[in-house]
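Data file: coords_7.cif. Format and content: mmCIF, C-alpha atoms.
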data_work
loop_
_atom_site.label_atom_id
_atom_site.label_comp_id
_atom_site.auth_asym_id
_atom_site.auth_seq_id
_atom_site.Cartn_x
_atom_site.Cartn_y
_atom_site.Cartn_z
CA MET A 2 35.35 9.29 -34.15
CA LYS A 3 34.20 6.11 -35.85
CA THR A 4 35.01 2.46 -35.24
CA VAL A 5 33.64 -0.49 -37.17
CA VAL A 6 33.67 -3.94 -35.60
CA ARG A 7 33.83 -5.99 -38.77
CA GLY A 8 32.97 -9.52 -39.78
CA GLY A 9 31.85 -11.13 -36.52
CA MET A 10 28.93 -13.41 -35.69
CA VAL A 11 26.55 -10.78 -34.33
CA VAL A 12 24.05 -11.68 -31.59
CA SER A 13 22.26 -8.35 -31.30
CA MET A 14 19.46 -9.20 -28.81
CA ASP A 15 17.38 -6.72 -30.80
CA PRO A 16 14.40 -8.48 -32.44
CA ALA A 17 14.45 -6.04 -35.34
CA ILE A 18 18.06 -6.96 -36.16
CA GLY A 19 18.30 -10.56 -34.95
CA ASP A 20 21.46 -12.60 -35.40
CA LEU A 21 23.85 -12.00 -38.27
CA PRO A 22 26.09 -14.92 -39.28
CA ARG A 23 28.50 -12.27 -40.48
CA GLY A 24 27.95 -8.64 -39.60
CA ASP A 25 29.42 -5.27 -38.82
CA VAL A 26 28.74 -2.90 -35.93
CA LEU A 27 29.49 0.79 -36.48
CA ILE A 28 30.38 2.86 -33.41
CA GLN A 29 30.29 6.64 -33.55
CA ASP A 30 30.77 9.02 -30.62
CA GLY A 31 30.36 6.18 -28.13
CA ARG A 32 27.05 4.93 -29.52
CA ILE A 33 25.95 2.27 -31.95
CA ALA A 34 25.40 3.96 -35.30
CA ALA A 35 24.55 0.91 -37.43
CA VAL A 36 24.35 -2.88 -37.36
CA ALA A 37 24.22 -4.65 -40.71
CA PRO A 38 25.71 -7.52 -42.73
CA GLU A 39 28.16 -5.05 -44.24
CA ILE A 40 28.80 -1.38 -43.49
CA ASP A 41 30.76 1.03 -45.64
CA ALA A 42 32.64 3.06 -43.03
CA ALA A 43 35.38 4.89 -44.87
CA GLY A 44 37.94 6.38 -42.52
CA ALA A 45 36.79 4.41 -39.50
CA GLU A 46 39.11 2.42 -37.28
CA VAL A 47 38.55 -1.25 -38.08
CA VAL A 48 38.36 -3.93 -35.39
CA ASP A 49 38.65 -7.35 -37.01
CA ALA A 50 35.94 -9.53 -35.47
CA SER A 51 36.34 -12.50 -37.79
CA GLY A 52 36.26 -15.67 -35.73
CA LYS A 53 34.50 -13.79 -32.93
CA ILE A 54 30.99 -13.64 -31.51
CA VAL A 55 29.85 -10.04 -31.02
CA LEU A 56 27.18 -9.48 -28.39
CA PRO A 57 25.95 -6.82 -25.95
CA GLY A 58 27.80 -6.42 -22.68
CA PHE A 59 26.34 -8.30 -19.73
CA VAL A 60 24.36 -6.50 -17.03
CA ASP A 61 24.82 -7.80 -13.46
CA THR A 62 21.92 -6.47 -11.39
CA HIS A 63 23.15 -7.28 -7.86
CA ARG A 64 26.73 -7.78 -6.64
CA HIS A 65 28.28 -7.17 -3.20
CA THR A 66 31.54 -6.12 -4.73
CA TRP A 67 33.26 -5.06 -1.51
CA GLN A 68 33.72 -8.76 -0.57
CA THR A 69 36.08 -9.54 -3.47
CA ALA A 70 39.16 -10.09 -1.29
CA PHE A 71 37.60 -13.19 0.25
CA ARG A 72 36.88 -14.93 -3.02
CA GLY A 73 36.20 -18.65 -2.59
CA LEU A 74 36.32 -18.57 1.19
CA GLY A 75 32.60 -19.26 1.45
CA ALA A 76 32.34 -21.99 -1.17
CA ASP A 77 30.87 -24.38 1.41
CA TRP A 78 28.95 -21.85 3.53
CA THR A 79 25.27 -21.85 4.20
CA PHE A 80 23.46 -18.53 4.11
CA GLY A 81 23.60 -18.34 7.91
CA GLN A 82 27.35 -18.89 7.89
CA TYR A 83 27.77 -16.24 5.21
CA ARG A 84 25.90 -13.69 7.32
CA VAL A 85 28.03 -14.47 10.36
CA ALA A 86 31.30 -14.46 8.42
CA MET A 87 31.00 -11.46 6.14
CA HIS A 88 28.76 -9.20 8.19
CA GLY A 89 29.53 -10.22 11.75
CA THR A 90 33.19 -11.34 11.71
CA LEU A 91 35.08 -9.86 8.74
CA GLY A 92 33.00 -6.84 7.77
CA PRO A 93 33.57 -4.80 10.95
CA HIS A 94 37.32 -4.83 10.29
CA TYR A 95 37.03 -3.23 6.86
CA ARG A 96 38.64 0.18 6.48
CA PRO A 97 37.86 2.53 3.59
CA GLU A 98 41.00 1.37 1.76
CA ASP A 99 39.76 -2.23 1.96
CA VAL A 100 36.37 -1.26 0.57
CA TYR A 101 38.02 0.68 -2.24
CA LEU A 102 40.26 -2.23 -3.27
CA GLY A 103 37.45 -4.77 -3.10
CA ASN A 104 35.22 -2.63 -5.28
CA LEU A 105 37.95 -1.77 -7.75
CA LEU A 106 39.26 -5.32 -8.25
CA GLY A 107 35.77 -6.77 -8.21
CA ARG A 108 34.54 -4.32 -10.83
CA LEU A 109 37.60 -4.98 -12.99
CA GLU A 110 36.96 -8.71 -12.74
CA ALA A 111 33.37 -8.22 -13.85
CA LEU A 112 34.49 -5.98 -16.70
CA GLY A 113 37.09 -8.45 -17.87
CA SER A 114 34.50 -11.22 -18.08
CA GLY A 115 32.12 -9.07 -20.14
CA ALA A 116 29.90 -7.29 -17.59
CA THR A 117 29.80 -3.73 -18.90
CA THR A 118 27.12 -2.68 -16.37
CA VAL A 119 27.05 -3.72 -12.70
CA LEU A 120 24.76 -2.70 -9.86
CA ASP A 121 26.97 -2.67 -6.77
CA TRP A 122 24.71 -3.53 -3.81
CA PHE A 123 26.81 -1.97 -1.06
CA HIS A 124 26.04 -2.97 2.52
CA ARG A 125 29.27 -2.13 4.35
CA ALA A 126 27.88 1.34 5.02
CA ASP A 127 28.65 1.61 8.73
CA ARG A 128 30.35 4.97 8.07
CA PRO A 129 30.31 7.54 5.27
CA GLU A 130 34.00 7.02 4.51
CA ASN A 131 33.27 3.46 3.42
CA ALA A 132 30.61 4.64 0.99
CA ASP A 133 32.97 7.21 -0.48
CA ALA A 134 35.68 4.58 -0.87
CA ALA A 135 33.25 2.19 -2.57
CA ILE A 136 32.25 4.87 -5.06
CA ALA A 137 35.89 5.73 -5.73
CA GLY A 138 36.68 2.10 -6.52
CA LEU A 139 33.78 1.85 -8.93
CA ARG A 140 34.67 5.09 -10.65
CA GLU A 141 38.26 4.03 -11.23
CA ALA A 142 37.11 0.96 -13.17
CA PRO A 143 36.05 1.95 -16.71
CA GLY A 144 32.59 0.41 -16.77
CA HIS A 145 29.02 1.49 -16.13
CA SER A 146 28.49 1.13 -12.37
CA ILE A 147 25.36 1.81 -10.33
CA PHE A 148 26.01 2.39 -6.64
CA CYS A 149 23.13 0.86 -4.68
CA TYR A 150 23.52 2.27 -1.18
CA GLY A 151 22.30 -0.25 1.38
CA ALA A 152 22.38 2.20 4.27
CA ALA A 153 21.79 1.07 7.83
CA GLY A 154 20.77 2.83 11.02
CA PRO A 155 17.82 4.78 12.37
CA ASP A 156 18.16 7.86 10.16
CA ILE A 157 19.59 7.20 6.74
CA ALA A 158 18.16 10.27 4.98
CA PRO A 159 21.05 12.73 5.54
CA GLU A 160 23.65 10.25 4.30
CA ILE A 161 21.58 9.22 1.27
CA ARG A 162 21.05 12.87 0.36
CA ARG A 163 24.78 13.53 0.67
CA VAL A 164 25.70 10.68 -1.66
CA ARG A 165 22.89 11.50 -4.06
CA ALA A 166 24.49 14.92 -4.58
CA LEU A 167 27.65 13.10 -5.67
CA LEU A 168 25.86 10.67 -8.01
CA PRO A 169 23.24 12.36 -10.18
CA GLY A 170 21.19 10.64 -12.85
CA ASP A 171 20.88 6.85 -12.80
CA ASP A 172 24.28 6.06 -11.26
CA MET A 173 22.73 5.53 -7.81
CA ALA A 174 19.99 3.36 -6.31
CA LEU A 175 18.77 2.75 -2.76
CA GLY A 176 19.05 -0.63 -1.08
CA LEU A 177 16.07 -0.88 1.24
CA ARG A 178 16.48 -1.89 4.87
CA GLY A 179 13.22 -3.83 4.60
CA PRO A 180 10.83 -5.38 4.19
CA VAL A 181 12.19 -8.57 5.79
CA VAL A 182 14.84 -7.14 8.14
CA SER A 183 13.07 -3.99 9.33
CA THR A 184 9.58 -2.70 9.93
CA MET A 185 7.18 -1.86 7.15
CA ASP A 186 7.11 1.71 8.43
CA GLU A 187 10.87 1.97 7.87
CA THR A 188 10.45 0.44 4.44
CA ALA A 189 7.81 3.05 3.61
CA GLU A 190 10.16 5.82 4.79
CA ASP A 191 12.97 4.47 2.60
CA VAL A 192 10.74 4.19 -0.47
CA ALA A 193 9.42 7.72 0.07
CA LEU A 194 13.00 9.02 0.27
CA ALA A 195 13.97 7.14 -2.88
CA ARG A 196 11.00 8.53 -4.79
CA GLU A 197 11.81 12.05 -3.64
CA LEU A 198 15.39 11.69 -4.86
CA GLY A 199 14.51 9.87 -8.09
CA LEU A 200 16.20 6.62 -7.06
CA ARG A 201 15.35 3.07 -8.02
CA VAL A 202 15.11 0.67 -5.06
CA SER A 203 16.39 -2.86 -4.57
CA THR A 204 15.68 -5.21 -1.67
CA HIS A 205 16.50 -8.78 -0.65
CA VAL A 206 13.53 -11.11 -0.21
CA HIS A 207 13.71 -14.88 -0.07
CA GLY A 208 11.06 -16.92 1.72
CA THR A 209 11.01 -17.19 5.47
CA GLY A 210 14.62 -18.57 5.58
CA GLY A 211 15.35 -17.30 9.10
CA TRP A 212 14.22 -13.73 8.44
CA PRO A 213 12.32 -12.16 11.35
CA ARG A 214 9.22 -11.21 9.34
CA GLY A 215 6.58 -13.38 7.70
CA ASP A 216 6.25 -14.78 4.21
CA ARG A 217 3.95 -12.07 2.74
CA PRO A 218 6.31 -9.07 2.40
CA ILE A 219 5.28 -8.25 -1.15
CA ALA A 220 1.60 -8.24 -0.22
CA GLU A 221 2.40 -5.84 2.61
CA MET A 222 4.38 -3.58 0.32
CA ARG A 223 1.54 -3.53 -2.19
CA GLU A 224 -0.97 -2.61 0.50
CA ARG A 225 1.23 0.36 1.43
CA GLY A 226 1.69 1.46 -2.19
CA LEU A 227 5.41 0.71 -2.11
CA LEU A 228 5.73 -1.24 -5.38
CA ASP A 229 6.24 0.30 -8.81
CA ASP A 230 8.36 -0.05 -11.92
CA ARG A 231 11.42 1.24 -10.05
CA THR A 232 11.37 -1.67 -7.57
CA THR A 233 13.70 -4.67 -7.85
CA ILE A 234 13.28 -7.74 -5.67
CA VAL A 235 16.53 -9.68 -5.22
CA HIS A 236 16.12 -13.49 -5.15
CA GLY A 237 12.39 -13.79 -4.43
CA ASN A 238 12.70 -17.46 -3.47
CA GLY A 239 9.63 -18.75 -1.67
CA LEU A 240 7.35 -15.95 -2.82
CA SER A 241 3.88 -17.23 -3.59
CA ASP A 242 2.47 -17.05 -7.11
CA ASP A 243 0.02 -14.35 -6.12
CA GLN A 244 2.85 -12.16 -4.80
CA LEU A 245 4.77 -12.63 -8.05
CA ALA A 246 1.63 -11.50 -9.83
CA MET A 247 1.58 -8.39 -7.62
CA LEU A 248 5.13 -7.59 -8.71
CA ALA A 249 4.20 -8.08 -12.34
CA ASP A 250 1.14 -5.84 -11.98
CA ALA A 251 3.31 -3.10 -10.49
CA GLY A 252 5.92 -3.42 -13.25
CA SER A 253 8.55 -4.43 -10.70
CA SER A 254 11.61 -6.50 -11.59
CA VAL A 255 13.43 -9.49 -10.11
CA SER A 256 17.16 -10.22 -9.83
CA ILE A 257 18.04 -13.92 -9.55
CA SER A 258 21.44 -15.12 -8.29
CA PRO A 259 21.37 -18.76 -9.42
CA ASP A 260 24.63 -20.07 -7.97
CA VAL A 261 24.30 -18.49 -4.53
CA GLU A 262 20.61 -19.33 -4.18
CA LEU A 263 21.17 -23.01 -4.92
CA LYS A 264 24.45 -23.28 -3.04
CA MET A 265 23.22 -21.58 0.13
CA GLY A 266 20.01 -23.59 0.36
CA PHE A 267 17.42 -20.97 -0.55
CA GLU A 268 14.04 -22.08 -1.85
CA PRO A 269 14.01 -23.17 -5.55
CA LEU A 270 14.79 -20.50 -8.14
CA ILE A 271 11.71 -18.57 -9.26
CA THR A 272 12.87 -18.13 -12.86
CA GLY A 273 10.08 -20.09 -14.51
CA ARG A 274 7.38 -18.88 -12.13
CA ALA A 275 8.45 -15.29 -12.66
CA LEU A 276 8.12 -15.72 -16.42
CA ALA A 277 4.71 -17.32 -15.97
CA ALA A 278 3.65 -14.32 -13.89
CA GLY A 279 4.76 -11.90 -16.60
CA ILE A 280 8.13 -10.85 -15.14
CA ARG A 281 11.29 -10.97 -17.23
CA PRO A 282 13.94 -11.71 -14.58
CA SER A 283 17.53 -10.56 -14.62
CA LEU A 284 20.66 -12.35 -13.37
CA SER A 285 23.26 -11.44 -10.79
CA ILE A 286 26.35 -12.84 -9.10
CA ASP A 287 25.59 -11.81 -5.48
CA ASP A 288 28.90 -12.50 -3.70
CA CYS A 289 32.26 -13.85 -4.80
CA PRO A 290 33.22 -15.52 -1.50
CA SER A 291 30.51 -18.06 -2.35
CA ALA A 292 30.25 -18.07 -6.16
CA GLY A 293 32.19 -17.33 -9.31
CA GLY A 294 32.09 -13.74 -10.49
CA ASP A 295 31.20 -14.24 -14.17
CA MET A 296 27.81 -14.10 -15.85
CA PHE A 297 28.54 -17.19 -17.94
CA SER A 298 28.33 -19.34 -14.80
CA ALA A 299 25.14 -17.61 -13.71
CA MET A 300 23.51 -18.22 -17.09
CA ARG A 301 24.49 -21.88 -17.18
CA THR A 302 23.18 -22.53 -13.67
CA ALA A 303 19.93 -20.69 -14.39
CA LEU A 304 19.36 -22.86 -17.46
CA ALA A 305 20.16 -26.11 -15.68
CA ALA A 306 17.97 -25.29 -12.69
CA GLU A 307 14.93 -24.46 -14.81
CA ARG A 308 15.46 -26.72 -17.83
CA GLY A 309 12.27 -27.24 -19.80
CA GLY A 310 10.72 -23.93 -18.82
CA ILE A 311 13.24 -21.57 -20.39
CA THR A 312 15.48 -21.48 -23.44
CA THR A 313 19.08 -20.43 -23.94
CA ARG A 314 17.79 -17.33 -25.70
CA ASP A 315 15.71 -16.48 -22.62
CA VAL A 316 18.75 -16.83 -20.39
CA LEU A 317 20.95 -14.67 -22.59
CA ALA A 318 18.23 -12.02 -22.51
CA PHE A 319 18.16 -12.21 -18.70
CA ALA A 320 21.89 -11.36 -18.70
CA THR A 321 21.63 -8.52 -21.22
CA VAL A 322 18.46 -6.72 -22.26
CA ASP A 323 16.39 -7.78 -19.23
CA GLY A 324 19.23 -6.78 -16.91
CA ALA A 325 19.31 -3.36 -18.54
CA ARG A 326 15.56 -3.01 -18.00
CA THR A 327 15.94 -4.02 -14.34
CA CYS A 328 18.49 -1.23 -13.85
CA GLY A 329 16.32 1.32 -15.64
CA ARG A 330 18.73 1.44 -18.57
CA ALA A 331 16.77 -0.29 -21.32
CA ALA A 332 17.15 2.75 -23.55
CA ARG A 333 20.91 2.86 -23.03
CA THR A 334 22.28 -0.67 -23.12
CA GLY A 335 21.48 -4.40 -23.18
CA SER A 336 21.25 -4.87 -26.96
CA LEU A 337 23.13 -3.87 -30.09
CA THR A 338 20.55 -1.29 -31.10
CA VAL A 339 21.19 1.90 -33.02
CA GLY A 340 21.37 4.82 -30.59
CA LYS A 341 22.35 2.80 -27.53
CA ASP A 342 25.73 2.98 -25.85
CA ALA A 343 28.29 0.89 -27.70
CA ASP A 344 28.66 -1.64 -24.88
CA LEU A 345 29.76 -4.83 -26.55
CA VAL A 346 31.83 -7.95 -26.04
CA LEU A 347 33.85 -10.03 -28.50
CA LEU A 348 34.19 -13.72 -27.69
CA ASP A 349 36.71 -16.06 -29.29
CA ALA A 350 34.60 -18.43 -31.40
CA GLU A 351 37.63 -20.45 -32.49
CA ASP A 352 38.67 -21.57 -29.03
CA PRO A 353 38.51 -25.39 -28.84
CA SER A 354 36.05 -25.17 -25.94
CA VAL A 355 33.36 -23.72 -28.22
CA PHE A 356 34.46 -24.48 -31.79
CA PRO A 357 32.64 -25.00 -34.10
CA VAL A 358 29.90 -22.51 -33.27
CA GLY A 359 26.54 -23.41 -34.77
CA ASP A 360 24.06 -21.54 -32.56
CA PRO A 361 25.96 -18.57 -31.07
CA ALA A 362 23.39 -17.85 -28.34
CA GLY A 363 23.25 -21.49 -27.31
CA THR A 364 27.03 -21.68 -27.28
CA ILE A 365 27.36 -18.57 -25.09
CA VAL A 366 24.95 -19.92 -22.48
CA THR A 367 25.99 -23.57 -22.39
CA ALA A 368 29.74 -23.36 -23.00
CA GLY A 369 30.80 -19.74 -22.54
CA HIS A 370 33.46 -18.79 -20.00
CA PRO A 371 35.59 -15.74 -19.14
CA GLY A 372 38.57 -17.12 -21.05
CA LEU A 373 36.72 -16.47 -24.30
CA VAL A 374 36.42 -12.73 -23.68
CA ASP A 375 38.81 -11.21 -26.20
CA SER A 376 37.58 -7.60 -26.22
CA VAL A 377 35.20 -5.39 -24.27
CA PHE A 378 33.95 -1.95 -25.28
CA VAL A 379 32.14 0.43 -22.93
CA ALA A 380 30.39 3.35 -24.63
CA GLY A 381 32.64 2.74 -27.61
CA ARG A 382 35.86 2.78 -25.61
CA ALA A 383 38.03 -0.33 -25.72
CA VAL A 384 38.70 -1.42 -22.14
CA LYS A 385 39.92 -4.93 -23.00
CA ARG A 386 41.69 -6.06 -26.19
CA ASP A 387 43.37 -9.32 -27.11
CA GLY A 388 42.38 -10.80 -23.76
CA ARG A 389 43.98 -8.07 -21.62
CA LEU A 390 42.44 -5.21 -19.65
CA LEU A 391 43.86 -1.89 -20.82
CA GLY A 392 45.45 0.75 -18.62
CA VAL A 393 45.35 -1.37 -15.47
CA ASP A 394 48.34 -2.29 -13.28
CA LEU A 395 46.97 -5.64 -12.12
CA PRO A 396 50.14 -6.86 -10.35
CA ALA A 397 50.18 -3.78 -8.12
CA LEU A 398 46.44 -4.04 -7.40
CA ARG A 399 46.72 -7.75 -6.63
CA ALA A 400 49.49 -7.08 -4.11
CA ARG A 401 47.42 -4.39 -2.38
CA LEU A 402 44.34 -6.61 -2.25
CA LEU A 403 46.29 -9.46 -0.69
CA GLU A 404 47.63 -7.10 1.98
CA SER A 405 44.09 -5.92 2.63
CA ARG A 406 42.73 -9.45 2.91
CA ASP A 407 45.47 -10.63 5.23
CA ARG A 408 45.11 -7.62 7.53
CA ILE A 409 41.33 -8.09 7.84
CA ALA A 410 41.66 -11.82 8.42
CA ALA A 411 44.34 -11.32 11.10
CA ALA A 412 42.24 -8.69 12.85
CA ALA A 413 39.23 -11.03 12.79
CA GLY A 414 41.30 -14.02 13.87
CA VAL A 415 40.30 -16.26 10.96
CA ALA A 416 42.16 -18.37 8.41
CA VAL A 417 41.71 -17.83 4.67
CA ASP A 418 42.69 -21.35 3.56
CA GLY A 419 39.17 -22.77 3.77
CA SER A 420 39.69 -24.38 7.17
CA TRP A 421 37.61 -21.79 9.03
CA THR A 422 33.95 -22.55 9.64
CA PRO A 423 31.89 -19.56 10.76
#

Can I see the file as structure tokens?
Amino acid sequence: MKTVVRGGMVVSMDPAIGDLPRGDVLIQDGRIAAVAPEIDAAGAEVVDASGKIVLPGFVDTHRHTWQTAFRGLGADWTFGQYRVAMHGTLGPHYRPEDVYLGNLLGRLEALGSGATTVLDWFHRADRPENADAAIAGLREAPGHSIFCYGAAGPDIAPEIRRVRALLPGDDMALGLRGPVVSTMDETAEDVALARELGLRVSTHVHGTGGWPRGDRPIAEMRERGLLDDRTTIVHGNGLSDDQLAMLADAGSSVSISPDVELKMGFEPLITGRALAAGIRPSLSIDDCPSAGGDMFSAMRTALAAERGGITTRDVLAFATVDGARTCGRAARTGSLTVGKDADLVLLDAEDPSVFPVGDPAGTIVTAGHPGLVDSVFVAGRAVKRDGRLLGVDLPALRARLLESRDRIAAAAGVAVDGSWTP
């Protein structure tokens, strides 16, 4: 089967191809077969991309998708209030059905706004049924999803092994309990388990910010041999320059959540310092109770927070090719490169909010928004066309999510109108 996406403004994010003011993308058997100013593809289905920007799908490297039902509730929360609200007050009332709906609707939201790959950092793992429900929600949404199991408890190995049997390949990662919320011995145990099972690891680190351990977690991990090119540090705010250099030396990656980090009062974003250390950071949403769920917002905030040290092209790379590298999928996605999965997004370049488009990359980063997303393809399959997700009964899912939210809120004794302060 062949499809040609014809006549769009192509932003390939592949240095060998560059940007094409007018170009075609040929899709064959789910992969990119060619990218060129004009492709003769007799017999192929033609997708008219005139008046559109064609770019790789976004890669979100850290999202707590299960929290989708409480979107906007934490717009004014500090990090401490978020921890109390989501993990101490609301989280314990989640049933598997609630986890499933949060993950499904959250993943569909991400897909609809152009995120073809999402790492779901799941930390509502108080029982195996919740993990199974989270995976089911991700699988029902037609995008690339990586289930990052943030397991808790004294002996996580049996549960991680069980889930690993369900998710072979690179569809699973391990969310470490440490190094800032558990002992370094537990962190070493988790990393050893991940290496045995062939899993990438991801862990939250941001300064001292109320965490029980000190401000040298990366140095401790390096001393124990726990850093490598399969390690992702989420946030990283407050890390010293020498610790960033340690991450770079190990080939480790960083996931920055610009909106949440600034809104919740973390230390300044490390975007520029990470680049100076030799790390190409990626971008992530984190949580939708506190921030918008689209990568356009994340890119714009990242640029504004670090203006002068990074370019719009840098930021677009963070959201695409660098995100793919962070997830261990650089060979599969992140750019419109021949042989990679045909994960691509078509943006409306004639919408008044962006027209006329001079520099497509600059326009995407400074003025892009979810309303521009006309079409989304995942491995060559159209999952959104003409601004609408395909094969999804959104009214029915919305009704179920509202029922879920209201039940949890009633059980927790909280209001969802913004009047509740954790």

Which residues of range 85-172 of chain A come within 10 Å of range 345-357 of chain A, and for each one, what is the closest pair of atoms and their distance in Å to one decimal, counting only C-alpha atoms, sorted by chain and residue number, as a Markdown table?
| residue | atom | partner | partner_atom | distance |
| --- | --- | --- | --- | --- |
| A:Leu112 | CA | A:Val346 | CA | 9.9 |
| A:Gly113 | CA | A:Val346 | CA | 9.7 |
| A:Ser114 | CA | A:Val346 | CA | 9.0 |
| A:Gly115 | CA | A:Val346 | CA | 6.0 |
| A:Ala116 | CA | A:Val346 | CA | 8.7 |
| A:Thr117 | CA | A:Leu345 | CA | 7.7 |

**Prompt:** Which value, in Å to one decimal, gives the distance between CA of Asp61 in chain A and CA of Leu263 in chain A?
**Reply:** 17.8 Å

**Item:** Non-local contacts of Lys3 in chain A (10 Å; only C-alpha atoms; under 4 positions in same chain excluded) as a ChimeraX atom specification
**Value:** /A:27-34,42-47,381

**Request:** Find the spatial neighbours of Pro259 in chain A, counting only C-alpha atoms, within a cut-off of 9 Å - ignore same-chain residues fewer than 5 positions away - and output them as a ChimeraX atom specification.
**Result:** /A:236,264,270,284-286,298-303,306

**Request:** Figure out the distance between CA of Ala325 in chain A and CA of Arg231 in chain A, please, to one decimal in Å.
**Result:**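 CA of Arg231 in chain A sits 12.5 Å away from CA of Ala325 in chain A.
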
**Message:** Quick check on the file I pasted: which residues fall under the PyMOL selection byres ((chain A and resi 312-323) around 9)? Write them as an MDAnalysis selection string.
**Reply:** chainID A and resid 14:15 57:62 281:285 296:297 299:301 303:304 308:311 324:328 330:331 334:336 362:367

**Message:** For a test of reading the model, state the distance in Å between CA of Glu307 in chain A and CA of Ile147 in chain A, rounded to one decimal.
**Reply:**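 Separation between CA of Glu307 in chain A and CA of Ile147 in chain A: 28.6 Å.
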
Would you mind putting all heavy atoms back on range 65-70 of chain A and writing the result as a PDB file, in the frame of the given file?
ATOM      1  N   HIS A  65      27.667  -7.766  -4.398  1.00  0.00           N
ATOM      2  CA  HIS A  65      28.280  -7.170  -3.200  1.00  0.00           C
ATOM      3  C   HIS A  65      29.785  -7.129  -3.432  1.00  0.00           C
ATOM      4  O   HIS A  65      30.555  -7.936  -2.908  1.00  0.00           O
ATOM      5  CB  HIS A  65      27.910  -7.989  -1.958  1.00  0.00           C
ATOM      6  CG  HIS A  65      26.438  -8.171  -1.770  1.00  0.00           C
ATOM      7  ND1 HIS A  65      25.571  -7.101  -1.679  1.00  0.00           N
ATOM      8  CD2 HIS A  65      25.673  -9.290  -1.662  1.00  0.00           C
ATOM      9  CE1 HIS A  65      24.333  -7.551  -1.522  1.00  0.00           C
ATOM     10  NE2 HIS A  65      24.366  -8.868  -1.519  1.00  0.00           N
ATOM     11  N   THR A  66      30.202  -6.148  -4.188  1.00  0.00           N
ATOM     12  CA  THR A  66      31.540  -6.120  -4.730  1.00  0.00           C
ATOM     13  C   THR A  66      32.616  -5.955  -3.657  1.00  0.00           C
ATOM     14  O   THR A  66      33.752  -6.406  -3.838  1.00  0.00           O
ATOM     15  CB  THR A  66      31.652  -4.993  -5.777  1.00  0.00           C
ATOM     16  OG1 THR A  66      30.436  -4.913  -6.530  1.00  0.00           O
ATOM     17  CG2 THR A  66      32.785  -5.257  -6.735  1.00  0.00           C
ATOM     18  N   TRP A  67      32.268  -5.330  -2.555  1.00  0.00           N
ATOM     19  CA  TRP A  67      33.260  -5.060  -1.510  1.00  0.00           C
ATOM     20  C   TRP A  67      33.881  -6.345  -0.936  1.00  0.00           C
ATOM     21  O   TRP A  67      34.952  -6.318  -0.347  1.00  0.00           O
ATOM     22  CB  TRP A  67      32.649  -4.236  -0.385  1.00  0.00           C
ATOM     23  CG  TRP A  67      31.519  -4.876   0.380  1.00  0.00           C
ATOM     24  CD1 TRP A  67      30.198  -4.860   0.054  1.00  0.00           C
ATOM     25  CD2 TRP A  67      31.615  -5.600   1.624  1.00  0.00           C
ATOM     26  NE1 TRP A  67      29.457  -5.542   1.005  1.00  0.00           N
ATOM     27  CE2 TRP A  67      30.301  -5.992   1.980  1.00  0.00           C
ATOM     28  CE3 TRP A  67      32.669  -5.946   2.471  1.00  0.00           C
ATOM     29  CZ2 TRP A  67      30.017  -6.725   3.136  1.00  0.00           C
ATOM     30  CZ3 TRP A  67      32.389  -6.667   3.637  1.00  0.00           C
ATOM     31  CH2 TRP A  67      31.077  -7.050   3.955  1.00  0.00           C
ATOM     32  N   GLN A  68      33.263  -7.503  -1.157  1.00  0.00           N
ATOM     33  CA  GLN A  68      33.720  -8.760  -0.570  1.00  0.00           C
ATOM     34  C   GLN A  68      34.739  -9.498  -1.430  1.00  0.00           C
ATOM     35  O   GLN A  68      35.118 -10.633  -1.120  1.00  0.00           O
ATOM     36  CB  GLN A  68      32.507  -9.660  -0.323  1.00  0.00           C
ATOM     37  CG  GLN A  68      31.479  -9.039   0.597  1.00  0.00           C
ATOM     38  CD  GLN A  68      30.196  -9.851   0.703  1.00  0.00           C
ATOM     39  OE1 GLN A  68      30.098 -10.955   0.177  1.00  0.00           O
ATOM     40  NE2 GLN A  68      29.208  -9.300   1.390  1.00  0.00           N
ATOM     41  N   THR A  69      35.228  -8.865  -2.495  1.00  0.00           N
ATOM     42  CA  THR A  69      36.080  -9.540  -3.470  1.00  0.00           C
ATOM     43  C   THR A  69      37.313 -10.182  -2.857  1.00  0.00           C
ATOM     44  O   THR A  69      37.739 -11.257  -3.299  1.00  0.00           O
ATOM     45  CB  THR A  69      36.515  -8.528  -4.557  1.00  0.00           C
ATOM     46  OG1 THR A  69      35.348  -8.023  -5.217  1.00  0.00           O
ATOM     47  CG2 THR A  69      37.434  -9.170  -5.577  1.00  0.00           C
ATOM     48  N   ALA A  70      37.908  -9.575  -1.849  1.00  0.00           N
ATOM     49  CA  ALA A  70      39.160 -10.090  -1.290  1.00  0.00           C
ATOM     50  C   ALA A  70      39.016 -11.482  -0.699  1.00  0.00           C
ATOM     51  O   ALA A  70      40.014 -12.201  -0.548  1.00  0.00           O
ATOM     52  CB  ALA A  70      39.702  -9.132  -0.225  1.00  0.00           C
TER      53      ALA A  70
END
